[in-house]
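As stored in target_12.cif (mmCIF, C-alpha atoms):
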data_structure
#
loop_
_atom_site.group_PDB
_atom_site.id
_atom_site.type_symbol
_atom_site.label_atom_id
_atom_site.label_comp_id
_atom_site.auth_asym_id
_atom_site.auth_seq_id
_atom_site.Cartn_x
_atom_site.Cartn_y
_atom_site.Cartn_z
ATOM 1 C CA MET O 45 28.136 -76.272 41.781
ATOM 2 C CA SER O 46 25.851 -75.420 38.884
ATOM 3 C CA ALA O 47 26.598 -76.270 35.276
ATOM 4 C CA PRO O 48 27.962 -73.444 33.139
ATOM 5 C CA SER O 49 25.411 -71.738 30.953
ATOM 6 C CA THR O 50 25.608 -72.249 27.224
ATOM 7 C CA PRO O 51 24.667 -69.625 24.662
ATOM 8 C CA ALA O 52 21.280 -70.096 23.055
ATOM 9 C CA THR O 53 21.357 -71.334 19.493
ATOM 10 C CA ILE O 54 18.639 -72.095 17.039
ATOM 11 C CA SER O 55 19.037 -75.772 17.927
ATOM 12 C CA HIS O 56 17.940 -75.000 21.490
ATOM 13 C CA LEU O 57 15.099 -72.614 20.670
ATOM 14 C CA ALA O 58 12.160 -73.042 18.357
ATOM 15 C CA PRO O 59 12.026 -70.496 15.533
ATOM 16 C CA GLU O 60 8.667 -68.841 14.952
ATOM 17 C CA TRP O 61 6.754 -69.884 11.820
ATOM 18 C CA SER O 62 4.164 -67.804 10.061
ATOM 19 C CA SER O 63 1.997 -69.656 7.595
ATOM 20 C CA SER O 64 2.908 -73.213 6.644
ATOM 21 C CA PRO O 65 6.505 -74.449 6.332
ATOM 22 C CA ASP O 66 6.109 -74.970 2.569
ATOM 23 C CA GLY O 67 5.599 -71.241 2.048
ATOM 24 C CA GLY O 68 5.752 -68.267 4.371
ATOM 25 C CA THR O 69 8.427 -67.193 6.805
ATOM 26 C CA VAL O 70 10.500 -68.475 9.680
ATOM 27 C CA THR O 71 12.077 -66.102 12.193
ATOM 28 C CA PHE O 72 14.633 -66.390 14.980
ATOM 29 C CA THR O 73 15.675 -63.506 17.224
ATOM 30 C CA TYR O 74 18.670 -63.312 19.550
ATOM 31 C CA THR O 75 20.927 -60.711 21.130
ATOM 32 C CA PRO O 76 24.670 -61.272 20.650
ATOM 33 C CA THR O 77 26.729 -60.973 23.836
ATOM 34 C CA SER O 78 30.419 -60.334 24.383
ATOM 35 C CA PRO O 79 30.922 -63.878 25.804
ATOM 36 C CA LEU O 80 29.353 -65.317 22.626
ATOM 37 C CA LEU O 81 31.739 -63.268 20.463
ATOM 38 C CA PHE O 82 34.696 -64.301 22.625
ATOM 39 C CA ARG O 83 33.749 -67.983 22.361
ATOM 40 C CA TYR O 84 33.236 -67.779 18.608
ATOM 41 C CA SER O 85 36.609 -66.037 18.235
ATOM 42 C CA ALA O 86 38.252 -68.830 20.235
ATOM 43 C CA LEU O 87 36.461 -71.532 18.251
ATOM 44 C CA THR O 88 37.547 -70.045 14.928
ATOM 45 C CA TYR O 89 41.022 -68.885 16.066
ATOM 46 C CA ASN O 90 40.028 -65.303 15.254
ATOM 47 C CA ALA O 91 42.110 -62.872 17.318
ATOM 48 C CA HIS O 92 40.881 -59.648 15.702
ATOM 49 C CA LYS O 93 40.304 -57.016 18.379
ATOM 50 C CA ILE O 94 37.020 -55.807 16.834
ATOM 51 C CA HIS O 95 35.331 -58.805 18.447
ATOM 52 C CA TYR O 96 36.598 -58.366 22.022
ATOM 53 C CA ASP O 97 38.337 -55.023 22.699
ATOM 54 C CA ARG O 98 35.802 -52.190 23.073
ATOM 55 C CA ASP O 99 38.423 -49.440 23.329
ATOM 56 C CA TRP O 100 40.138 -50.660 20.166
ATOM 57 C CA VAL O 101 36.932 -51.045 18.169
ATOM 58 C CA ARG O 102 35.702 -47.569 19.130
ATOM 59 C CA ASN O 103 38.943 -45.553 19.135
ATOM 60 C CA VAL O 104 40.891 -47.221 16.328
ATOM 61 C CA GLU O 105 38.299 -48.870 14.057
ATOM 62 C CA GLY O 106 35.512 -46.300 14.581
ATOM 63 C CA HIS O 107 32.695 -48.748 15.303
ATOM 64 C CA PRO O 108 30.132 -48.003 18.037
ATOM 65 C CA ASP O 109 30.705 -51.345 19.817
ATOM 66 C CA LEU O 110 32.061 -54.886 19.413
ATOM 67 C CA VAL O 111 31.437 -56.260 15.919
ATOM 68 C CA VAL O 112 29.549 -59.536 15.445
ATOM 69 C CA HIS O 113 31.468 -62.017 13.276
ATOM 70 C CA GLY O 114 30.066 -62.305 9.757
ATOM 71 C CA PRO O 115 30.643 -66.080 9.787
ATOM 72 C CA LEU O 116 28.710 -66.343 13.093
ATOM 73 C CA THR O 117 25.708 -64.697 11.460
ATOM 74 C CA ALA O 118 26.103 -66.939 8.410
ATOM 75 C CA THR O 119 26.284 -70.007 10.667
ATOM 76 C CA LEU O 120 23.033 -69.021 12.369
ATOM 77 C CA LEU O 121 21.355 -68.451 8.990
ATOM 78 C CA VAL O 122 22.545 -71.907 7.845
ATOM 79 C CA GLU O 123 21.086 -73.378 11.038
ATOM 80 C CA LEU O 124 17.774 -71.615 10.400
ATOM 81 C CA ALA O 125 17.652 -72.936 6.810
ATOM 82 C CA SER O 126 18.626 -76.432 7.982
ATOM 83 C CA GLY O 127 15.754 -76.337 10.481
ATOM 84 C CA VAL O 128 13.365 -75.601 7.632
ATOM 85 C CA GLY O 129 14.907 -78.516 5.766
ATOM 86 C CA ARG O 130 14.392 -80.882 8.694
ATOM 87 C CA ARG O 131 10.769 -79.785 8.940
ATOM 88 C CA LEU O 132 10.257 -80.421 5.212
ATOM 89 C CA GLY O 133 12.234 -83.667 5.127
ATOM 90 C CA ARG O 134 14.946 -82.082 2.983
ATOM 91 C CA HIS O 135 18.619 -81.258 3.369
ATOM 92 C CA LEU O 136 20.684 -78.178 2.664
ATOM 93 C CA LEU O 137 22.147 -78.378 -0.830
ATOM 94 C CA LYS O 138 23.606 -74.892 -1.284
ATOM 95 C CA PHE O 139 24.107 -71.724 0.761
ATOM 96 C CA ASP O 140 25.356 -68.332 -0.443
ATOM 97 C CA TYR O 141 25.674 -65.216 1.701
ATOM 98 C CA ARG O 142 26.903 -61.657 1.649
ATOM 99 C CA ALA O 143 27.480 -59.317 4.573
ATOM 100 C CA THR O 144 26.017 -55.886 3.831
ATOM 101 C CA LYS O 145 26.466 -53.924 7.080
ATOM 102 C CA GLY O 146 28.213 -54.385 10.421
ATOM 103 C CA MET O 147 26.186 -55.700 13.349
ATOM 104 C CA TYR O 148 27.032 -55.076 16.984
ATOM 105 C CA VAL O 149 26.945 -56.745 20.363
ATOM 106 C CA GLY O 150 24.068 -56.098 22.756
ATOM 107 C CA ARG O 151 21.549 -55.235 20.044
ATOM 108 C CA GLN O 152 18.818 -57.630 18.988
ATOM 109 C CA VAL O 153 19.323 -59.460 15.679
ATOM 110 C CA THR O 154 16.395 -60.909 13.751
ATOM 111 C CA LEU O 155 17.103 -63.742 11.341
ATOM 112 C CA GLN O 156 14.300 -64.288 8.868
ATOM 113 C CA GLY O 157 13.788 -66.760 6.056
ATOM 114 C CA SER O 158 11.161 -66.341 3.364
ATOM 115 C CA ILE O 159 10.371 -69.742 1.908
ATOM 116 C CA ARG O 160 9.540 -69.697 -1.776
ATOM 117 C CA PRO O 161 6.727 -72.146 -2.417
ATOM 118 C CA ALA O 162 7.681 -75.119 -4.573
ATOM 119 C CA GLN O 163 6.248 -75.009 -8.083
ATOM 120 C CA SER O 164 5.118 -78.630 -7.794
ATOM 121 C CA ALA O 165 4.793 -81.367 -5.207
ATOM 122 C CA SER O 166 7.885 -83.157 -6.572
ATOM 123 C CA MET O 167 11.302 -83.057 -4.999
ATOM 124 C CA GLU O 168 12.036 -79.822 -6.821
ATOM 125 C CA PRO O 169 14.443 -77.660 -4.793
ATOM 126 C CA VAL O 170 12.993 -75.284 -2.214
ATOM 127 C CA ILE O 171 14.638 -71.860 -2.053
ATOM 128 C CA ILE O 172 14.806 -69.748 1.090
ATOM 129 C CA ASP O 173 15.693 -66.058 0.964
ATOM 130 C CA LEU O 174 17.342 -65.121 4.273
ATOM 131 C CA VAL O 175 18.251 -61.862 5.974
ATOM 132 C CA ALA O 176 19.807 -60.855 9.280
ATOM 133 C CA GLU O 177 18.557 -57.473 10.484
ATOM 134 C CA GLN O 178 19.629 -55.264 13.354
ATOM 135 C CA SER O 179 18.131 -51.889 14.247
ATOM 136 C CA GLY O 180 16.158 -51.833 11.004
ATOM 137 C CA ALA O 181 19.187 -52.410 8.753
ATOM 138 C CA VAL O 182 20.037 -55.579 6.835
ATOM 139 C CA GLY O 183 23.435 -56.859 7.990
ATOM 140 C CA MET O 184 23.489 -59.998 5.859
ATOM 141 C CA LYS O 185 21.584 -61.468 2.921
ATOM 142 C CA ALA O 186 21.670 -65.154 2.028
ATOM 143 C CA THR O 187 19.995 -67.776 -0.133
ATOM 144 C CA ALA O 188 19.632 -71.419 0.816
ATOM 145 C CA VAL O 189 18.608 -74.245 -1.514
ATOM 146 C CA LEU O 190 17.026 -77.363 -0.027
ATOM 147 C CA GLN O 191 16.745 -80.684 -1.862
#
Same coordinates, now as structure tokens:
Amino acid sequence: MSAPSTPATISHLAPEWSSSPDGGTVTFTYTPTSPLLFRYSALTYNAHKIHYDRDWVRNVEGHPDLVVHGPLTATLLVELASGVGRRLGRHLLKFDYRATKGMYVGRQVTLQGSIRPAQSASMEPVIIDLVAEQSGAVGMKATAVLQ
């Protein structure tokens, strides 16, 4: 019997870096699946039908498909920012986010962080501007502060 598959997370996959980690961007791309949404709903005790019932989400809520949890996207953005922190020898001090548009299952999501270069070599905070995009639209914006 083979082991059950686990959903890919940023911890399991290496994000792509452009430029150096003290300035530039970091990107992670994934495609949300209905099992991932189901598992996240179970983990967070979220029984809202928009995350698992296609008929409901289309016919009652008017969405084109299952809706990705906003907190799931925020969690992945936190993980991306924390990965930058590990690479820089820093830790996450603050994280703020705002959902701006619904994102849907089965469509690729790109998480991207633009790292603002530190003004000096000291332990001044590093700020990362983050977005989650799907089909050319920004679904979430966030800012992370690393110390």
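The shortest atom-to-atom distance to Ala181 (chain O), with only C-alpha atoms taken into account, belongs to O:Met147 out of O:Val70, O:Arg98, O:Met147, O:Pro161.
Here CA of Thr144 (chain O) is placed at a distance of 7.2 Å from CA of Lys185 (chain O).
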If you count all atoms listed in the file, which residues fall within 8 Å of region 76-83 of chain O, apart from same-chain ones fewer than 3 positions away, as a ChimeraX atom specification? /O:51,86-87,95-96,110,112-113,148-153
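For the residues O:Leu136, O:Val122, O:Gln191, O:Leu155, ranking by smallest atom-to-atom distance to Glu177 (chain O) using only C-alpha atoms places O:Leu155 first.
Distance annotation: of O:Gly127, O:Pro115, O:Val104, O:Asp109, the residue with the minimal separation from Ser85 (chain O) is O:Pro115; atom set is all atoms listed in the file.
With CA of Gly114 (chain O) on one side and CA of Pro169 (chain O) on the other, the separation reads 26.3 Å.
The coordinates place CA of Gly183 (chain O) at 13.9 Å from CA of Thr75 (chain O).
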* Could you expand the PyMOL selection byres ((chain O and resi 133) around 12) into the explicit residues it covers here, written as a PyMOL selection string? => chain O and resi 65-66+126-132+134-136+167+169-170+190-191
Please dump the current selection as a PDB file, in the frame of the given file; keep C-alpha atoms.
ATOM      1  CA  PRO O  65       6.505 -74.449   6.332  1.00  0.00           C
ATOM      2  CA  ASP O  66       6.109 -74.970   2.569  1.00  0.00           C
ATOM      3  CA  SER O 126      18.626 -76.432   7.982  1.00  0.00           C
ATOM      4  CA  GLY O 127      15.754 -76.337  10.481  1.00  0.00           C
ATOM      5  CA  VAL O 128      13.365 -75.601   7.632  1.00  0.00           C
ATOM      6  CA  GLY O 129      14.907 -78.516   5.766  1.00  0.00           C
ATOM      7  CA  ARG O 130      14.392 -80.882   8.694  1.00  0.00           C
ATOM      8  CA  ARG O 131      10.769 -79.785   8.940  1.00  0.00           C
ATOM      9  CA  LEU O 132      10.257 -80.421   5.212  1.00  0.00           C
ATOM     10  CA  ARG O 134      14.946 -82.082   2.983  1.00  0.00           C
ATOM     11  CA  HIS O 135      18.619 -81.258   3.369  1.00  0.00           C
ATOM     12  CA  LEU O 136      20.684 -78.178   2.664  1.00  0.00           C
ATOM     13  CA  MET O 167      11.302 -83.057  -4.999  1.00  0.00           C
ATOM     14  CA  PRO O 169      14.443 -77.660  -4.793  1.00  0.00           C
ATOM     15  CA  VAL O 170      12.993 -75.284  -2.214  1.00  0.00           C
ATOM     16  CA  LEU O 190      17.026 -77.363  -0.027  1.00  0.00           C
ATOM     17  CA  GLN O 191      16.745 -80.684  -1.862  1.00  0.00           C
TER      18      GLN O 191
END
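For the choices O:Thr73, O:Thr88, O:Ala118, O:Asp140, the atom-to-atom distance to Ile171 (chain O) is smallest for O:Asp140 when using all atoms listed in the file.
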The centre and edge lengths of an axis-aligned box containing all atoms of region 140-154 of chain O present in the file, extended by 8 Å on each side, are to be given in Å to one decimal, as lines of an AutoDock Vina configuration file.
center_x = 22.3
center_y = -61.1
center_z = 11.2
size_x = 27.8
size_y = 30.4
size_z = 39.2
Nearest to Gly68 (chain O), restricted to only C-alpha atoms and choosing among O:Val182, O:Ala188, O:Val175, O:Gln156, comes out as O:Gln156
